[in-house]
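Engineer: My structure file my_file_10.txt, compact mmCIF, C-alpha atoms, is below:
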# COMPACT_ATOMS: atom_id res chain seq x y z
CA MET L 1314 -95.98 -204.01 22.85
CA LYS L 1315 -92.29 -203.74 23.70
CA ALA L 1316 -92.10 -200.28 22.16
CA LYS L 1317 -95.12 -199.21 24.22
CA ALA L 1318 -93.55 -200.55 27.43
CA PHE L 1319 -90.24 -198.85 26.61
CA ALA L 1320 -92.02 -195.53 26.04
CA GLU L 1321 -93.91 -195.97 29.32
CA TYR L 1322 -90.76 -196.51 31.36
CA LEU L 1323 -88.92 -193.75 29.50
CA ILE L 1324 -91.68 -191.27 30.38
CA VAL L 1325 -91.51 -192.31 34.05
CA THR L 1326 -87.73 -191.90 34.07
CA VAL L 1327 -87.87 -188.44 32.49
CA ALA L 1328 -90.64 -187.39 34.88
CA GLY L 1329 -88.55 -188.61 37.82
CA MET L 1330 -85.52 -186.70 36.55
CA LEU L 1331 -87.53 -183.51 36.19
CA PHE L 1332 -89.10 -183.93 39.62
CA PHE L 1333 -85.83 -184.47 41.50
CA TRP L 1334 -83.72 -182.16 39.33
CA PRO L 1335 -84.11 -178.96 41.47
CA PRO L 1336 -82.70 -180.13 44.85
CA ILE L 1337 -80.02 -182.35 43.30
CA TRP L 1338 -78.86 -179.67 40.86
CA ARG L 1339 -78.52 -177.11 43.65
CA ALA L 1340 -76.48 -179.55 45.75
CA ALA L 1341 -74.32 -180.54 42.77
CA TRP L 1342 -73.15 -176.97 42.18
CA SER L 1343 -72.54 -176.23 45.84
CA THR L 1344 -68.99 -175.38 46.86
CA ASP L 1345 -69.62 -176.07 50.55
CA TYR L 1346 -67.77 -179.31 51.36
CA PHE L 1347 -69.63 -179.69 54.66
CA ARG L 1348 -73.15 -179.38 53.28
CA SER L 1349 -72.65 -181.23 49.98
CA ASP L 1350 -70.52 -184.21 48.96
CA PHE L 1351 -70.71 -183.36 45.26
CA PRO L 1352 -67.62 -181.10 45.14
CA LEU L 1353 -65.50 -183.73 46.91
CA HIS L 1354 -66.50 -186.45 44.46
CA ALA L 1355 -65.90 -184.06 41.55
CA LEU L 1356 -62.39 -183.58 42.91
CA PHE L 1357 -61.93 -187.35 43.12
CA ALA L 1358 -63.00 -187.67 39.48
CA GLU L 1359 -60.56 -184.95 38.39
CA HIS L 1360 -57.73 -186.74 40.19
CA MET L 1361 -58.67 -190.13 38.74
CA GLN L 1362 -58.66 -188.73 35.21
CA ALA L 1363 -55.39 -186.88 35.72
CA LEU L 1364 -53.61 -189.86 37.30
CA GLY L 1365 -55.23 -192.52 35.12
CA THR L 1366 -55.90 -194.79 38.09
CA ILE L 1367 -58.55 -195.57 40.69
CA THR L 1368 -58.16 -193.41 43.79
CA VAL L 1369 -61.38 -194.32 45.64
CA PRO L 1370 -62.78 -197.78 46.52
CA HIS L 1371 -66.24 -197.06 45.07
CA PHE L 1372 -65.62 -195.41 41.72
CA LEU L 1373 -68.75 -195.90 39.62
CA TYR L 1374 -69.89 -192.30 40.04
CA GLU L 1375 -66.44 -190.85 39.31
CA GLY L 1376 -65.88 -193.19 36.36
CA SER L 1377 -69.30 -192.38 34.92
CA ALA L 1378 -68.67 -188.64 35.26
CA ILE L 1379 -65.32 -188.96 33.49
CA LEU L 1380 -66.91 -190.99 30.68
CA LEU L 1381 -69.81 -188.58 30.27
CA ARG L 1382 -67.51 -185.57 30.10
CA SER L 1383 -65.27 -187.35 27.58
CA VAL L 1384 -68.26 -187.94 25.31
CA PHE L 1385 -70.19 -184.68 25.67
CA GLY L 1386 -67.63 -182.24 27.02
CA GLY L 1387 -68.30 -179.74 29.77
CA SER L 1388 -67.20 -179.99 33.37
CA ILE L 1389 -66.99 -182.91 35.78
CA THR L 1390 -69.46 -181.08 38.02
CA ALA L 1391 -72.06 -180.87 35.26
CA ALA L 1392 -71.50 -184.49 34.25
CA GLY L 1393 -71.85 -185.64 37.86
CA ALA L 1394 -75.01 -183.60 38.31
CA TRP L 1395 -76.63 -185.23 35.29
CA ILE L 1396 -75.65 -188.69 36.52
CA ALA L 1397 -77.24 -188.02 39.92
CA VAL L 1398 -80.40 -186.62 38.32
CA PHE L 1399 -80.64 -189.67 36.06
CA ALA L 1400 -80.13 -192.00 39.04
CA ALA L 1401 -82.98 -190.26 40.89
CA GLY L 1402 -85.22 -190.77 37.86
CA ALA L 1403 -84.09 -194.40 37.66
CA THR L 1404 -85.05 -194.90 41.30
CA VAL L 1405 -88.60 -193.86 40.49
CA THR L 1406 -88.55 -196.17 37.48
CA VAL L 1407 -87.46 -199.31 39.34
CA LEU L 1408 -90.08 -198.61 42.01
CA TYR L 1409 -92.64 -198.16 39.25
CA ALA L 1410 -91.59 -201.45 37.63
CA TRP L 1411 -92.00 -203.31 40.93
CA LEU L 1412 -95.51 -201.86 41.35
CA ARG L 1413 -96.54 -202.13 37.71
CA LYS L 1414 -96.88 -205.92 37.96
CA ASP L 1415 -100.08 -205.48 39.98
CA PHE L 1416 -101.37 -201.96 39.32
CA GLY L 1417 -102.23 -199.67 36.45
CA ILE L 1418 -100.06 -196.85 35.13
CA ALA L 1419 -101.44 -194.02 37.27
CA PRO L 1420 -101.50 -195.85 40.64
CA SER L 1421 -98.04 -197.30 40.02
CA ALA L 1422 -96.56 -193.92 39.11
CA LEU L 1423 -98.22 -192.18 42.06
CA CYS L 1424 -96.98 -194.77 44.56
CA ALA L 1425 -93.49 -194.82 43.02
CA PHE L 1426 -93.06 -191.05 43.34
CA ALA L 1427 -94.46 -191.13 46.88
CA CYS L 1428 -92.07 -193.91 47.97
CA ALA L 1429 -89.10 -192.11 46.40
CA LEU L 1430 -89.98 -188.98 48.39
CA LEU L 1431 -90.43 -190.59 51.83
CA ALA L 1432 -88.34 -189.37 54.75
CA PRO L 1433 -88.23 -189.95 58.52
CA LEU L 1434 -90.89 -188.12 60.53
CA SER L 1435 -88.79 -184.95 60.73
CA LEU L 1436 -91.60 -182.43 60.22
CA PHE L 1437 -91.66 -181.88 64.01
CA THR L 1438 -88.08 -180.54 63.81
CA PRO L 1439 -88.41 -178.23 60.76
CA HIS L 1440 -85.02 -176.59 61.34
CA HIS L 1441 -83.19 -179.91 61.61
CA LEU L 1442 -84.26 -182.43 58.97
CA TYR L 1443 -81.36 -184.85 58.54
CA PHE L 1444 -78.72 -185.31 61.25
CA GLY L 1445 -79.69 -187.80 63.93
CA TYR L 1446 -82.28 -189.43 61.68
CA ILE L 1447 -81.66 -192.40 59.40
CA GLY L 1448 -82.22 -190.62 56.11
CA LEU L 1449 -84.39 -192.38 53.55
CA THR L 1450 -83.81 -189.68 50.94
CA THR L 1451 -80.56 -187.82 50.37
CA TYR L 1452 -79.92 -185.05 47.86
CA PHE L 1453 -76.36 -184.01 48.75
CA ASN L 1454 -74.53 -187.36 48.46
CA PRO L 1455 -74.11 -188.42 44.81
CA THR L 1456 -72.92 -191.98 45.48
CA THR L 1457 -75.95 -192.69 47.69
CA ILE L 1458 -78.25 -191.32 44.98
CA LEU L 1459 -76.52 -193.56 42.42
CA LEU L 1460 -76.71 -196.61 44.70
CA LYS L 1461 -80.48 -196.47 45.37
CA PRO L 1462 -81.84 -197.69 41.99
CA LEU L 1463 -79.13 -200.33 41.72
CA ALA L 1464 -79.72 -201.62 45.26
CA PHE L 1465 -83.50 -201.74 44.85
CA ALA L 1466 -83.22 -203.53 41.50
CA HIS L 1467 -80.70 -205.98 42.99
CA LEU L 1468 -82.81 -206.77 46.04
CA ALA L 1469 -85.91 -207.18 43.87
CA CYS L 1470 -83.99 -209.71 41.74
CA VAL L 1471 -82.77 -211.52 44.86
CA ILE L 1472 -86.33 -211.76 46.17
CA THR L 1473 -87.52 -213.00 42.77
CA LEU L 1474 -84.82 -215.69 42.80
CA LEU L 1475 -85.64 -216.80 46.34
CA THR L 1476 -89.40 -216.98 45.79
CA SER L 1477 -89.70 -218.38 42.25
CA ASP L 1478 -89.96 -222.07 41.48
CA ARG L 1479 -87.65 -221.71 38.53
CA HIS L 1480 -84.85 -219.31 37.75
CA ARG L 1481 -83.73 -218.24 34.33
CA ARG L 1482 -80.09 -217.91 33.38
CA SER L 1483 -80.76 -214.26 32.52
CA LEU L 1484 -81.72 -213.62 36.15
CA ALA L 1485 -78.45 -215.11 37.38
CA VAL L 1486 -76.49 -212.96 34.92
CA ALA L 1487 -78.44 -209.85 35.93
CA LEU L 1488 -77.77 -210.57 39.60
CA PHE L 1489 -74.04 -210.94 38.97
CA LEU L 1490 -73.84 -207.66 37.05
CA LEU L 1491 -75.95 -205.80 39.62
CA THR L 1492 -73.84 -207.20 42.45
CA VAL L 1493 -70.73 -205.71 40.88
CA LEU L 1494 -72.40 -202.40 40.04
CA THR L 1495 -73.88 -201.91 43.51
CA GLY L 1496 -70.50 -202.68 45.06
CA ILE L 1497 -68.53 -200.19 43.00
CA ALA L 1498 -71.28 -197.59 43.40
CA LYS L 1499 -71.05 -197.81 47.21
CA PRO L 1500 -70.24 -200.88 49.34
CA HIS L 1501 -72.78 -200.27 52.11
CA TYR L 1502 -75.61 -202.22 50.52
CA LEU L 1503 -73.49 -205.34 50.04
CA MET L 1504 -72.16 -204.93 53.59
CA CYS L 1505 -75.75 -205.35 54.77
CA LEU L 1506 -76.79 -207.91 52.16
CA LEU L 1507 -74.25 -210.64 52.93
CA PRO L 1508 -75.06 -211.03 56.66
CA GLY L 1509 -78.75 -210.40 55.99
CA LEU L 1510 -78.83 -213.06 53.28
CA ALA L 1511 -76.98 -215.48 55.56
CA GLY L 1512 -79.68 -214.97 58.19
CA TYR L 1513 -82.42 -215.47 55.62
CA CYS L 1514 -80.83 -218.70 54.38
CA ALA L 1515 -80.62 -220.00 57.95
CA ILE L 1516 -84.31 -219.27 58.54
CA ARG L 1517 -85.63 -220.50 55.18
CA TRP L 1518 -83.01 -223.15 54.37
CA ASN L 1519 -85.38 -225.93 53.35
CA GLU L 1520 -86.98 -223.74 50.71
CA ILE L 1521 -83.87 -222.26 49.12
CA ARG L 1522 -81.16 -224.92 49.45
CA LYS L 1523 -81.61 -225.98 45.80
CA LYS L 1524 -80.91 -222.40 44.73
CA MET L 1525 -77.70 -221.99 46.71
CA GLY L 1526 -75.52 -222.55 43.65
CA VAL L 1527 -76.95 -219.47 41.94
CA VAL L 1528 -76.92 -217.50 45.21
CA LEU L 1529 -73.24 -218.28 45.76
CA CYS L 1530 -72.05 -217.68 42.19
CA SER L 1531 -74.18 -214.63 41.35
CA ILE L 1532 -74.29 -212.85 44.71
CA VAL L 1533 -72.12 -214.11 47.56
CA LEU L 1534 -68.79 -214.76 45.84
CA PRO L 1535 -68.61 -211.58 43.70
CA ALA L 1536 -69.83 -209.50 46.67
CA ALA L 1537 -67.30 -211.06 49.05
CA ILE L 1538 -64.40 -210.59 46.63
CA LEU L 1539 -65.35 -206.98 45.93
CA LEU L 1540 -65.82 -206.13 49.62
CA ALA L 1541 -62.50 -207.77 50.48
CA TRP L 1542 -60.73 -205.61 47.88
CA GLN L 1543 -62.49 -202.48 49.15
CA PHE L 1544 -61.63 -203.33 52.76
CA ALA L 1545 -57.96 -203.64 51.82
CA PHE L 1546 -58.16 -200.39 49.84
CA VAL L 1547 -59.63 -198.44 52.77
CA PHE L 1548 -57.99 -200.00 55.81
CA ILE L 1549 -54.65 -201.33 54.50
CA TRP L 1550 -53.46 -199.58 51.35
CA GLY L 1551 -55.07 -196.14 51.09
CA SER L 1552 -54.53 -193.78 48.16
CA SER L 1553 -53.85 -190.16 47.34
CA ASP L 1554 -57.57 -189.38 47.71
CA TYR L 1555 -58.46 -191.98 50.34
CA ALA L 1556 -56.11 -192.01 53.29
CA ARG L 1557 -55.71 -195.33 55.07
CA SER L 1558 -58.31 -195.54 57.81
CA ALA L 1559 -59.43 -197.65 60.74
CA PHE L 1560 -62.78 -198.40 62.32
CA LEU L 1561 -63.72 -198.42 65.98
CA PHE L 1562 -66.49 -199.97 68.02
CA ALA L 1563 -67.94 -196.80 69.53
CA PRO L 1564 -71.68 -197.06 70.20
CA PHE L 1565 -73.61 -193.91 69.19
CA ALA L 1566 -70.42 -191.84 68.77
CA GLY L 1567 -70.89 -191.26 65.04
CA MET L 1568 -74.53 -190.26 65.37
CA ARG L 1569 -73.88 -188.02 68.37
CA GLU L 1570 -71.25 -186.04 66.49
CA HIS L 1571 -73.90 -183.95 64.75
CA SER L 1572 -77.07 -184.51 66.74
CA LEU L 1573 -78.60 -185.30 70.12
CA HIS L 1574 -81.97 -186.87 70.98
CA LEU L 1575 -81.06 -190.03 69.08
CA ALA L 1576 -83.79 -192.24 70.55
CA PRO L 1577 -86.79 -190.20 69.35
CA LYS L 1578 -85.11 -189.63 65.98
CA LEU L 1579 -84.55 -193.37 65.58
CA LEU L 1580 -88.21 -193.98 66.38
CA ALA L 1581 -89.17 -191.30 63.85
CA SER L 1582 -86.99 -193.05 61.25
CA ILE L 1583 -88.35 -196.56 61.73
CA ALA L 1584 -91.97 -195.72 62.63
CA LEU L 1585 -93.51 -196.46 59.23
CA PRO L 1586 -91.80 -199.80 58.44
CA ALA L 1587 -92.14 -200.91 62.08
CA ALA L 1588 -95.88 -200.27 62.00
CA ILE L 1589 -96.28 -202.23 58.76
CA LEU L 1590 -94.20 -205.13 60.03
CA TRP L 1591 -96.18 -205.24 63.27
CA TYR L 1592 -99.46 -205.23 61.35
CA HIS L 1593 -98.22 -208.17 59.23
CA ARG L 1594 -96.25 -209.83 62.04
CA ARG L 1595 -97.79 -213.24 61.39
CA THR L 1596 -96.48 -213.32 57.82
CA VAL L 1597 -93.08 -211.60 58.13
CA LEU L 1598 -91.11 -214.85 58.45
CA HIS L 1599 -92.90 -216.29 55.43
CA ARG L 1600 -92.55 -213.37 53.02
CA ALA L 1601 -89.16 -212.75 51.45
CA GLU L 1602 -90.06 -209.15 50.54
CA LEU L 1603 -90.50 -208.43 54.26
CA LEU L 1604 -88.01 -210.73 55.98
CA LEU L 1605 -84.94 -210.09 53.82
CA PRO L 1606 -85.18 -206.25 53.88
CA LEU L 1607 -85.82 -206.46 57.64
CA LEU L 1608 -82.62 -208.43 58.18
CA LEU L 1609 -80.70 -205.94 56.01
CA ALA L 1610 -82.10 -203.02 58.01
CA ILE L 1611 -81.10 -204.60 61.32
CA VAL L 1612 -77.54 -205.04 60.06
CA GLY L 1613 -77.47 -201.50 58.62
CA LEU L 1614 -78.68 -199.95 61.88
CA LEU L 1615 -76.02 -201.85 63.82
CA TYR L 1616 -73.35 -200.42 61.50
CA SER L 1617 -74.80 -196.93 61.88
CA TYR L 1618 -75.00 -196.84 65.66
CA LEU L 1619 -72.07 -199.00 66.73
CA LEU L 1620 -69.15 -198.31 64.34
CA VAL L 1621 -67.20 -195.19 63.37
CA GLU L 1622 -64.15 -194.50 61.26
CA ALA L 1623 -60.97 -193.16 62.82
CA GLY L 1624 -58.24 -191.01 61.34
CA GLU L 1625 -58.63 -188.35 58.66
CA ARG L 1626 -62.18 -189.47 57.84
CA GLY L 1627 -63.29 -189.69 61.46
CA GLY L 1628 -66.16 -187.25 60.87
CA SER L 1629 -67.32 -188.68 57.55
CA MET L 1630 -70.12 -190.79 59.12
CA ASN L 1631 -69.61 -193.39 56.39
CA PHE L 1632 -71.11 -196.29 58.33
CA ILE L 1633 -74.41 -194.39 58.61
CA ARG L 1634 -74.88 -194.84 54.86
CA ALA L 1635 -75.47 -198.56 55.54
CA GLY L 1636 -78.43 -197.71 57.75
CA GLU L 1637 -79.79 -195.25 55.19
CA ILE L 1638 -79.83 -197.60 52.20
CA SER L 1639 -81.07 -200.62 54.16
CA LEU L 1640 -83.85 -198.70 55.92
CA PHE L 1641 -84.91 -197.14 52.60
CA LEU L 1642 -85.22 -200.62 51.10
CA LEU L 1643 -87.17 -201.95 54.09
CA THR L 1644 -89.53 -198.96 54.09
CA VAL L 1645 -90.31 -199.20 50.39
CA PHE L 1646 -90.68 -202.98 50.20
CA ALA L 1647 -92.88 -202.97 53.32
CA ALA L 1648 -95.03 -200.11 51.98
CA VAL L 1649 -95.51 -201.82 48.63
CA TYR L 1650 -96.37 -205.10 50.34
CA HIS L 1651 -99.03 -203.35 52.44
CA ILE L 1652 -100.49 -201.61 49.39
CA ARG L 1653 -100.73 -204.94 47.57
CA TYR L 1654 -102.33 -206.50 50.65
CA LEU L 1655 -105.04 -203.85 50.73
CA HIS L 1656 -105.58 -204.11 47.00
CA THR L 1657 -105.93 -207.90 47.11
CA ARG L 1658 -108.13 -207.98 50.19
CA TYR L 1659 -110.57 -205.26 49.26
CA LEU L 1660 -110.39 -204.26 45.62
CA ASP L 1661 -109.90 -207.72 44.13
CA ALA L 1662 -112.75 -209.34 46.06
CA ARG L 1663 -114.72 -211.67 43.80
CA ARG L 1664 -118.13 -210.41 44.82
CA PRO L 1665 -118.94 -206.68 44.61
CA ALA L 1666 -120.58 -206.86 48.04
CA GLU L 1667 -117.18 -207.78 49.54
CA ARG L 1668 -115.46 -204.71 48.10
CA LYS L 1669 -115.71 -202.60 51.21
CA TRP L 1670 -113.14 -200.76 53.24
CA LYS L 1671 -113.34 -202.08 56.79
CA PHE L 1672 -112.25 -199.80 59.61
CA SER L 1673 -108.99 -200.87 61.25
CA TRP L 1674 -106.91 -198.89 63.72
CA GLY L 1675 -103.77 -200.52 62.36
CA GLN L 1676 -104.50 -199.53 58.78
CA TRP L 1677 -105.39 -195.97 59.77
CA ALA L 1678 -102.16 -195.72 61.78
CA ILE L 1679 -100.10 -196.93 58.82
CA ALA L 1680 -101.88 -194.51 56.49
CA MET L 1681 -101.20 -191.62 58.87
CA LEU L 1682 -97.53 -192.55 59.26
CA PHE L 1683 -97.17 -192.82 55.48
CA LEU L 1684 -98.72 -189.37 55.07
CA LEU L 1685 -96.45 -187.87 57.75
CA SER L 1686 -93.40 -189.47 56.12
CA LEU L 1687 -94.49 -188.04 52.79
CA VAL L 1688 -94.94 -184.56 54.28
CA SER L 1689 -91.50 -184.84 55.90
CA GLY L 1690 -90.05 -185.80 52.53
CA ALA L 1691 -91.72 -182.82 50.90
CA LEU L 1692 -90.25 -180.52 53.56
CA LEU L 1693 -86.77 -181.94 52.98
CA TYR L 1694 -87.23 -181.58 49.22
CA ALA L 1695 -88.27 -177.94 49.59
CA ALA L 1696 -85.45 -177.18 52.03
CA GLU L 1697 -82.79 -178.70 49.78
CA TRP L 1698 -84.18 -176.81 46.81
CA SER L 1699 -84.45 -173.40 48.49
CA GLN L 1700 -81.51 -173.49 50.93
CA PRO L 1701 -79.42 -176.60 50.26
CA GLY L 1702 -77.69 -178.08 53.29
CA ARG L 1703 -78.87 -175.34 55.65
CA LEU L 1704 -81.44 -177.42 57.54
CA LEU L 1705 -79.47 -180.65 57.86
Would you mind giving the structure from this file in structure tokens?
Structural biologist:
Amino acid sequence: MKAKAFAEYLIVTVAGMLFFWPPIWRAAWSTDYFRSDFPLHALFAEHMQALGTITVPHFLYEGSAILLRSVFGGSITAAGAWIAVFAAGATVTVLYAWLRKDFGIAPSALCAFACALLAPLSLFTPHHLYFGYIGLTTYFNPTTILLKPLAFAHLACVITLLTSDRHRRSLAVALFLLTVLTGIAKPHYLMCLLPGLAGYCAIRWNEIRKKMGVVLCSIVLPAAILLAWQFAFVFIWGSSDYARSAFLFAPFAGMREHSLHLAPKLLASIALPAAILWYHRRTVLHRAELLLPLLLAIVGLLYSYLLVEAGERGGSMNFIRAGEISLFLLTVFAAVYHIRYLHTRYLDARRPAERKWKFSWGQWAIAMLFLLSLVSGALLYAAEWSQPGRLL
């Protein structure tokens, strides 16, 4: 049985790698530093290997590329491209694993690929698919691609811990390891998680107070220590590759640097999860898979719209990555929750006579928004494959 399950997940991972290989591979071999972040991170990795020290605060991608090249040879660029492609396949796999608990192989795989492809409703601006929106899917930033499967797996484990009557020691260990890995992949998820988790604990204190020991030891303390070190690295020490920076409270300045019409683009970014949350508004406060991602997304959007970096990296838009990863998590967890709701209500009805689809404006609206988000994701996929970075 274990061998069969391993083969199943391996097939999904390989299929995900093959599916997302074209746009990521094109971006990985780009030499345009404005339209792709791959060449910059390849340069960081070269410097880290040459100097024998850490030169960036989130070094998992660079360290993995160095290790892969040391084992198999080739260039840092090729090693980094394969890591990003594998991470994209792993994103599909963790989504599949979350769905597989309730659905069969084909429905789980179909939904996992669809969720991994979702994008803001950008199909109405076909020549401008990224800037100004809160991107759910990114093909040109390798550290964001690497963060997504780790962040989803981590948040799924956190939700499992918060909602289960018992917790196994293996779950606590997995949470600790994933906390460290997500932090060194990119700090933006943990930057959203700590305040979001604090809000969740305040709202649901009576239910989770007995689990606070595990929460503190496996999540809060390692995340706080790692973020404190990264804060000092970025804003106090600096390095040869990461000049010392500062951050400013400058509402909308970072988003306006590359795009106008921010209000409609924000609405286009949050339309799908907002519609799902409104439809399930009576249960949001009682469902960890809705409430916790919602709190993370609120924190991430505040980072994105209110803070900017100053100095040499003033145009890097780094704080926007917090909004991207947190909104991706909210969108996917909300979509999966709604799919499970429909499945339980209609398809799992005890009597065959009850297995009917009842017309609902809310459900049709959510279905239409999901379809539009999927079409927008397909457009972004095609654009990044055919002319990478040109339609950002």
Engineer: Of the candidates L:Leu1608, L:Ile1549, L:Leu1449, L:Leu1579, which one gets nearest to Ala1515 (chain L) if we count only C-alpha atoms?
Structural biologist: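 Checking each of L:Leu1608, L:Ile1549, L:Leu1449, L:Leu1579 against Ala1515 (chain L), counting only C-alpha atoms, the winner is L:Leu1608.
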Engineer: Which one is closest to Ala1410 (chain L): L:Ser1377, L:Phe1426, L:Leu1598, L:Ala1588? Count all atoms listed in the file.
Structural biologist: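 Going through L:Ser1377, L:Phe1426, L:Leu1598, L:Ala1588 one by one, the smallest distance to Ala1410 (chain L) is for L:Phe1426.
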Engineer: I need the residue nearest Pro1500 (chain L) from this list: L:His1441, L:Lys1461, L:His1571, L:Arg1517. Use all atoms listed in the file for the distance.
Structural biologist: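 So, comparing all the options, the nearest one is L:Lys1461.
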Engineer: List the spatial neighbours of Ala1466 (chain L) as an MDAnalysis selection string - criterion: any atom at most 10 Å away, only C-alpha atoms, same-chain residues fewer than 6 positions off excluded.
Structural biologist: chainID L and resid 1403:1404 1406:1408 1410:1411 1472 1487:1488 1491 1495
Engineer: Up to 10 Å from (-91.8, -190.1, 52.4) in the file's coordinates: name the residues, counting all atoms listed in the file, as a list of chain:residue names.
Structural biologist: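 With a cut-off of 10 Å, the residues come to L:Phe1426, L:Ala1427, L:Cys1428, L:Ala1429, L:Leu1430, L:Leu1431, L:Ala1432, L:Pro1433, L:Leu1434, L:Leu1449, L:Thr1450, L:Leu1585, L:Phe1641, L:Thr1644, L:Val1645, L:Leu1682, L:Phe1683, L:Leu1684, L:Leu1685, L:Ser1686, L:Leu1687, L:Val1688, L:Ser1689, L:Gly1690, L:Ala1691, L:Leu1692, L:Leu1693.
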Engineer: Just want the 12 Å neighbourhood of Arg1413 (chain L), counted on all atoms listed in the file, with same-chain residues fewer than 6 positions away dropped. Output as number ranges by chain.
Structural biologist: L: 1318, 1321-1322, 1325, 1405-1407, 1419-1425, 1649, 1653
Engineer: Considering all atoms listed in the file, state which residue in the set L:Lys1499, L:Ala1563, L:Ile1679, L:Leu1529 is at the smallest distance from Arg1634 (chain L).
Structural biologist: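 Smallest separation from Arg1634 (chain L) among the options: L:Lys1499.
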Engineer: One decimal, in Å: what's the spacing between CA of Leu1364 (chain L) and CA of Phe1347 (chain L)?
Structural biologist: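 CA of Phe1347 (chain L) lies at a distance of 25.7 Å from CA of Leu1364 (chain L).
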Engineer: In the coordinates of the file, take the point (-66.9, -180.2, 52.7) and a cut-off of 12 Å; then, counting all atoms listed in the file, name each qualifying protein, DNA or RNA residue as a ChimeraX atom specification.
Structural biologist: /L:1340,1343-1356,1453-1454,1626,1628-1629,1702
Engineer: Let me know the centre plus edge lengths, in Å and rounded to one decimal, of a box with edges along x, y and z that contains all listed atoms of region 1513-1529 of chain L and is padded by 4 Å on every side, as lines of an AutoDock Vina configuration file.
Structural biologist:
center_x = -80.1
center_y = -220.7
center_z = 50.2
size_x = 21.7
size_y = 18.5
size_z = 24.6
Engineer: Could you work out how far CA of Gly1526 (chain L) lies from CA of Ala1485 (chain L), giving the answer in Å with one decimal?
Structural biologist: 10.2 Å
Engineer: Can you work out which one of L:His1599, L:His1501, L:Arg1479, L:His1360 has the shortest atom-to-atom distance to Ser1639 (chain L), counting only C-alpha atoms?
Structural biologist: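 Ranked by minimum distance to Ser1639 (chain L), first place goes to L:His1501.
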